Amino acid sequence: MDADTEGNTCARGSVEERARGAYLARSDWTGEHGGKMIARAVKPVIASLVLSLLSAAVFGGPASAETTVLRMAWYSDGNEGEVMADLLRRFHDQNKDIDVVLDQVPYKAINENLPVQLASGQGPDMARIVDMGGLSRYALDMRPYLKDPGYWETNFGPFLEWMRPAGDPQAIPGFMTQLTVTGPFVNKTLFEQAGVAIPGEKSTWEDWAKAVKEVAGKVQAPFPLALDRSGHRFYALAVSQGTKVFDANGEPDVVDEGFKRAAQLVYDWHKSGVMSKELWGSVSGTAYRGANDEFKNAQVVMYLSGSWQTAQFAKTVDNAFDWVAVPNPCGPGGCSSMPGGAGLVAFKQTQHPREVARLMEYLASEPVLAEFYARSLFVPGHLGLAKKGIDYPTASPEAAAALKVFTASAAQISPLAYRTQGYINSRIIFNAVISRLGQAVSGETMLEDAYKRITADVAQQIAERNKK
Amino acid sequence: MRLFDPPMRRLQRMIGARRMAYVFLLPNFVFFGLFVFLPIGINVVFSVTGGTALFPSQRPYVGGEQFAHLFDCGSYLDPATCREDHFWRGVANTAKFVVFQVTAMVAFSLVTALVLNMKIRGRGFFRAVYFFPVLLSPVVVALIWKWILQRDGLLNAAITTLGGQKILFFVDPSWAMFWAVFVSVWAHMGFYTLILLAGLQAIPADLYEAAEMDATPRWRVLTHITLPLLWPNMIVVIVLALIKGAQTFDEVFVLTGGGPGTATLMIVQYIYETGFASQVQNFGLAAAASVVLGVVLFVLTLLQFAAARRKEI
């Protein structure tokens, strides 16, 4: 260190000496004449300095004030896109050097286009995603850029496991924009009109099926029970029927007795008219099909979806009828819902990891995230906030009650449900299940054939993913 | 244009008049090379490689494994016995769709062209009406018909008004295929009608005058003058409709989503879902299926060339 300092001093000294020598050697710089010459030499320097300052002022100031543009891909179930846009505006007001472009895209684009974009290195800096395991290989570990990684571990710990690349137990790629819990929404008005009592807590799926069929028969509702055409939703039923999902070695073993019980229920409900073929039997392959429109048009007696629909129903149903969220029905395997959620994840291909981490720190900070959950009516995916509880000042009485039910359901989720959701290939399982059960429901195959196909599809796709 | 005259003349002097043809072919050759032949080449590379990587250099070579996977069948007539049953369901559905759609398309286009070729009032208006759907995007066409055909759509509203029961068109496999064919014919027949109309107008009028002077019955005029002379146009229409039918995707995908089950799943939808929509995007298998479809389309194109040559004779 000393040697280095000394060396620099010597170098500086010698330059100064050489400059002084050169100056003194020019005798004509001194005297009366000399003054004019100095003035003549300095003039262009001053002029160029002034011009530089002026141009800097005109063209936006010095280089250090350049703006970094970050892109965030975002899908919305309800109003959360508006809330996020608002938060990003506020972030920019406080951080003029970072501008965030919010690309609001359909949910389908997040699931189908984003993986291709990321594979080709053309993806955004951040995205709100659901398939956290599937995209974990593209995730950025933000630890080196975060001020307080401990805050993230403390508040998002269990969910970070869902987003971490395989074999990396420490990475911090993002945070949960919400924790979701599957659960049924019930049209209370239809129950009242039919004069049928709403089944109580701990009622079985069979109890509910009987009740909704009776209600639908009396009020002529075309959808007694609607279950999203989604593998994740099916597993809310399957876990409660006692499926184990994995074998003793931790490998997927999808078709077991519990699974068969759940599949048989779905199959039988379609035969007996408890479920309409319009959802599971009208499209093909892995296509998602919800019953949001049918529910808000009072055509569904009971709709198994999840907590993320709360804001939407609060807005779209309004005063058309009374609705309630109820705890997940029970079966031999218990009453557990399926957990899930969406995470805002940073990607390692970003050119600006430092700025991304700054933005993520802002969005994941307790006051900002609390506001986000409160305004979007989401169950918090932040352990500290979940413990404190969130106030939902904008929630209608129905929405507030529903959020209470979902928050209570979240506390009773089985470890197996968490493990299934966090499994890196969970969506391979979910997609194989709906694709093949859909075929059975539409009468194209028998359930036994569907089981064989599910097992084969899962094995084949995992093998393809692992091919190097 | 005169601006280019001097350099062109100089170039012609340098390379000769005959080689100038290649100069004019070059831009299109580059365009087709970049956007047609290069992607075909990349597709072939993908079809012989595996894994989930997007860049060919990162994909392991697997040879004919993808094709073997596609063609691993107990019986090609029963998709359920095939390892990749969705592919064969797509093949069967596409074949069924093409047979029904082409038959209906040719029949309706011919009748419409014959009628629009007659001296009727408002002929221009009717020609515009029949051609109008051709201008619409396939997705728009499918959405319009979806609104008409869904549970609470216009058609069911009409049926219930007349005292009938609502019909779930997209739940019954036969109805779903019927409407897929119907909507496709509705959307495209204007184009084929136009080709046939042009053919009808090219038939010399003196033949009809001679037939009229001989008091030939209308049916004989149709079968002995109109249809034989229209045959070259009919061949073009049939082959074009066959190729278009085999490539069908967007309309049916938006209308039925390939369902119920896989009743309207077409080959192109299978390729799209395997390559892009499934959880593990299996580009290799999708590329192999594309190669198979490409070969079929190539055969159909050869058929068109053969038919065109016969027309010249």
# chains A, B, ... in the order shown; residues from 1 in each chain; ligands from 1
$ residues_around --residues "stretch 330-338 of chain A" --least-positions-apart "3" --cutoff "9 Å" --atoms "only C-alpha atoms" --output "VMD selection string"
chain A and resid 180 to 183 201 to 206 232 to 233 235 to 243 258 327 409 to 410 412 to 414 417 to 418 420 to 421
$ interface_residues --of "chain A" --to "chain B" --cutoff "8 Å" --atoms "only C-alpha atoms" --output "PyMOL selection string"
chain A and resi 111-113+116+119-120+134+277-278+281-287+427-428+431+438-444+461-462+464-468
$ residues_around --residues "A:Ala459" --least-positions-apart "5" --cutoff "10 Å" --atoms "only C-alpha atoms" --output "VMD selection string"
chain A and resid 252 to 253 428 to 429 453 to 454 464
$ write_last_selection --atoms "N, CA, C and O atoms" --output "tab-separated table (two decimals), in the first residue's frame"
chain	number	residue	atom	x	y	z
A	252	PRO	N	-42.02	-39.52	-8.03
A	252	PRO	CA	-43.47	-39.45	-8.21
A	252	PRO	C	-44.09	-40.81	-8.48
A	252	PRO	O	-43.58	-41.57	-9.29
A	253	ASP	N	-45.16	-41.08	-7.74
A	253	ASP	CA	-45.92	-42.32	-7.93
A	253	ASP	C	-47.38	-41.86	-7.89
A	253	ASP	O	-48.04	-41.94	-6.87
A	428	ILE	N	-45.83	-31.01	-14.40
A	428	ILE	CA	-45.87	-32.15	-15.32
A	428	ILE	C	-46.98	-33.10	-14.84
A	428	ILE	O	-47.79	-33.59	-15.64
A	429	ILE	N	-47.01	-33.33	-13.54
A	429	ILE	CA	-48.05	-34.21	-12.97
A	429	ILE	C	-49.43	-33.59	-13.18
A	429	ILE	O	-50.36	-34.24	-13.69
A	453	ARG	N	-51.93	-43.98	-18.84
A	453	ARG	CA	-51.38	-42.87	-19.63
A	453	ARG	C	-50.75	-41.81	-18.72
A	453	ARG	O	-49.72	-41.23	-19.05
A	454	ILE	N	-51.40	-41.54	-17.60
A	454	ILE	CA	-50.85	-40.53	-16.66
A	454	ILE	C	-49.46	-40.96	-16.21
A	454	ILE	O	-48.50	-40.18	-16.25
A	464	GLU	N	-37.49	-36.54	-20.42
A	464	GLU	CA	-37.13	-35.55	-21.47
A	464	GLU	C	-36.48	-34.33	-20.84
A	464	GLU	O	-35.51	-33.79	-21.35
$ select_by_dssp --residues "stretch 295-466 of chain A" --states "strand (DSSP E or B)" --output "PyMOL selection string"
chain A and resi 300-306+323-325+330-331+334+339-347+379
$ write_last_selection --atoms "all heavy atoms" --output "short mmCIF file (atom, residue, chain, number, x, y, z; two decimals), in the first residue's frame"
data_model
loop_
_atom_site.label_atom_id
_atom_site.label_comp_id
_atom_site.auth_asym_id
_atom_site.auth_seq_id
_atom_site.Cartn_x
_atom_site.Cartn_y
_atom_site.Cartn_z
N VAL A 300 -73.63 -21.40 -11.09
CA VAL A 300 -72.87 -22.42 -10.35
C VAL A 300 -73.30 -22.39 -8.89
O VAL A 300 -73.37 -21.33 -8.28
CB VAL A 300 -71.36 -22.11 -10.42
CG1 VAL A 300 -70.56 -23.23 -9.75
CG2 VAL A 300 -70.91 -21.94 -11.86
N VAL A 301 -73.55 -23.57 -8.33
CA VAL A 301 -73.94 -23.62 -6.92
C VAL A 301 -72.67 -23.58 -6.05
O VAL A 301 -72.58 -22.82 -5.10
CB VAL A 301 -74.76 -24.90 -6.62
CG1 VAL A 301 -75.19 -24.91 -5.15
CG2 VAL A 301 -75.98 -24.97 -7.53
N MET A 302 -71.69 -24.41 -6.43
CA MET A 302 -70.44 -24.44 -5.66
C MET A 302 -69.28 -24.47 -6.66
O MET A 302 -69.28 -25.28 -7.58
CB MET A 302 -70.40 -25.68 -4.79
CG MET A 302 -69.16 -25.83 -3.95
SD MET A 302 -69.13 -27.49 -3.26
CE MET A 302 -67.93 -27.34 -1.99
N TYR A 303 -68.31 -23.60 -6.46
CA TYR A 303 -67.22 -23.47 -7.42
C TYR A 303 -65.88 -23.64 -6.70
O TYR A 303 -65.49 -22.78 -5.92
CB TYR A 303 -67.31 -22.10 -8.09
CG TYR A 303 -66.18 -21.77 -9.03
CD1 TYR A 303 -65.49 -22.76 -9.74
CD2 TYR A 303 -65.79 -20.45 -9.24
CE1 TYR A 303 -64.46 -22.45 -10.60
CE2 TYR A 303 -64.76 -20.13 -10.11
CZ TYR A 303 -64.09 -21.14 -10.78
OH TYR A 303 -63.07 -20.82 -11.63
N LEU A 304 -65.21 -24.76 -6.95
CA LEU A 304 -63.91 -24.96 -6.32
C LEU A 304 -62.84 -24.25 -7.14
O LEU A 304 -62.49 -24.69 -8.22
CB LEU A 304 -63.55 -26.44 -6.20
CG LEU A 304 -62.20 -26.58 -5.49
CD1 LEU A 304 -62.35 -26.63 -3.99
CD2 LEU A 304 -61.40 -27.73 -5.98
N SER A 305 -62.36 -23.16 -6.60
CA SER A 305 -61.28 -22.42 -7.24
C SER A 305 -60.30 -22.03 -6.14
O SER A 305 -59.71 -22.92 -5.54
CB SER A 305 -61.86 -21.22 -7.99
OG SER A 305 -60.88 -20.67 -8.82
N GLY A 306 -60.20 -20.76 -5.82
CA GLY A 306 -59.27 -20.41 -4.75
C GLY A 306 -59.27 -18.95 -4.38
O GLY A 306 -59.97 -18.13 -4.98
N TRP A 323 -72.65 -14.61 -1.68
CA TRP A 323 -71.74 -15.74 -1.83
C TRP A 323 -70.83 -15.83 -0.62
O TRP A 323 -70.56 -14.83 0.06
CB TRP A 323 -70.92 -15.65 -3.12
CG TRP A 323 -70.12 -14.38 -3.25
CD1 TRP A 323 -70.56 -13.20 -3.76
CD2 TRP A 323 -68.77 -14.16 -2.85
NE1 TRP A 323 -69.56 -12.26 -3.72
CE2 TRP A 323 -68.44 -12.82 -3.18
CE3 TRP A 323 -67.77 -14.96 -2.28
CZ2 TRP A 323 -67.18 -12.26 -2.93
CZ3 TRP A 323 -66.52 -14.41 -2.03
CH2 TRP A 323 -66.24 -13.07 -2.36
N VAL A 324 -70.35 -17.05 -0.37
CA VAL A 324 -69.41 -17.25 0.74
C VAL A 324 -68.30 -18.20 0.30
O VAL A 324 -68.50 -19.01 -0.61
CB VAL A 324 -70.09 -17.89 1.99
CG1 VAL A 324 -71.02 -16.92 2.67
CG2 VAL A 324 -70.83 -19.17 1.63
N ALA A 325 -67.17 -18.06 0.95
CA ALA A 325 -66.10 -19.05 0.76
C ALA A 325 -66.21 -20.01 1.93
O ALA A 325 -66.48 -19.59 3.05
CB ALA A 325 -64.75 -18.38 0.75
N CYS A 330 -63.90 -32.46 3.12
CA CYS A 330 -62.98 -33.46 3.67
C CYS A 330 -63.15 -34.82 2.99
O CYS A 330 -64.12 -35.07 2.29
CB CYS A 330 -63.25 -33.63 5.16
SG CYS A 330 -63.16 -32.09 6.06
N GLY A 331 -62.19 -35.67 3.25
CA GLY A 331 -62.21 -37.05 2.75
C GLY A 331 -61.37 -37.90 3.66
O GLY A 331 -60.91 -37.42 4.71
N GLY A 334 -58.21 -36.26 4.93
CA GLY A 334 -58.28 -35.00 5.64
C GLY A 334 -59.02 -33.93 4.85
O GLY A 334 -59.78 -34.23 3.93
N PRO A 339 -51.94 -25.51 -1.40
CA PRO A 339 -51.35 -24.17 -1.37
C PRO A 339 -50.83 -23.84 -2.77
O PRO A 339 -50.66 -24.72 -3.60
CB PRO A 339 -50.18 -24.34 -0.41
CG PRO A 339 -49.73 -25.75 -0.64
CD PRO A 339 -50.97 -26.53 -1.00
N GLY A 340 -50.58 -22.61 -2.97
CA GLY A 340 -50.02 -22.21 -4.26
C GLY A 340 -49.69 -20.75 -4.18
O GLY A 340 -49.52 -20.19 -3.10
N GLY A 341 -49.66 -20.16 -5.29
CA GLY A 341 -49.39 -18.73 -5.28
C GLY A 341 -48.57 -18.33 -6.46
O GLY A 341 -48.17 -19.17 -7.28
N ALA A 342 -48.35 -17.06 -6.52
CA ALA A 342 -47.54 -16.53 -7.60
C ALA A 342 -46.37 -15.80 -6.97
O ALA A 342 -46.52 -15.17 -5.92
CB ALA A 342 -48.37 -15.58 -8.44
N GLY A 343 -45.22 -15.91 -7.58
CA GLY A 343 -44.05 -15.24 -7.06
C GLY A 343 -43.52 -14.25 -8.08
O GLY A 343 -43.61 -14.49 -9.29
N LEU A 344 -43.01 -13.14 -7.58
CA LEU A 344 -42.31 -12.21 -8.47
C LEU A 344 -40.84 -12.62 -8.42
O LEU A 344 -40.21 -12.53 -7.37
CB LEU A 344 -42.50 -10.77 -8.02
CG LEU A 344 -41.86 -9.73 -8.95
CD1 LEU A 344 -42.50 -9.75 -10.33
CD2 LEU A 344 -42.00 -8.33 -8.37
N VAL A 345 -40.35 -13.11 -9.56
CA VAL A 345 -39.03 -13.71 -9.58
C VAL A 345 -38.12 -12.93 -10.53
O VAL A 345 -38.55 -12.50 -11.60
CB VAL A 345 -39.14 -15.19 -10.02
CG1 VAL A 345 -37.79 -15.80 -10.31
CG2 VAL A 345 -39.85 -15.99 -8.94
N ALA A 346 -36.87 -12.76 -10.11
CA ALA A 346 -35.87 -12.09 -10.96
C ALA A 346 -35.12 -13.15 -11.76
O ALA A 346 -34.92 -14.26 -11.27
CB ALA A 346 -34.90 -11.31 -10.09
N PHE A 347 -34.72 -12.79 -12.98
CA PHE A 347 -34.05 -13.77 -13.84
C PHE A 347 -32.57 -13.42 -14.02
O PHE A 347 -32.21 -12.25 -14.15
CB PHE A 347 -34.75 -13.87 -15.18
CG PHE A 347 -36.17 -14.33 -15.06
CD1 PHE A 347 -37.22 -13.52 -15.44
CD2 PHE A 347 -36.45 -15.58 -14.53
CE1 PHE A 347 -38.53 -13.94 -15.31
CE2 PHE A 347 -37.76 -16.02 -14.39
CZ PHE A 347 -38.80 -15.19 -14.78
N VAL A 379 -54.14 -13.23 0.18
CA VAL A 379 -53.62 -13.83 1.41
C VAL A 379 -52.11 -13.61 1.39
O VAL A 379 -51.45 -13.92 0.39
CB VAL A 379 -53.95 -15.34 1.45
CG1 VAL A 379 -53.30 -16.00 2.67
CG2 VAL A 379 -55.46 -15.56 1.45
#
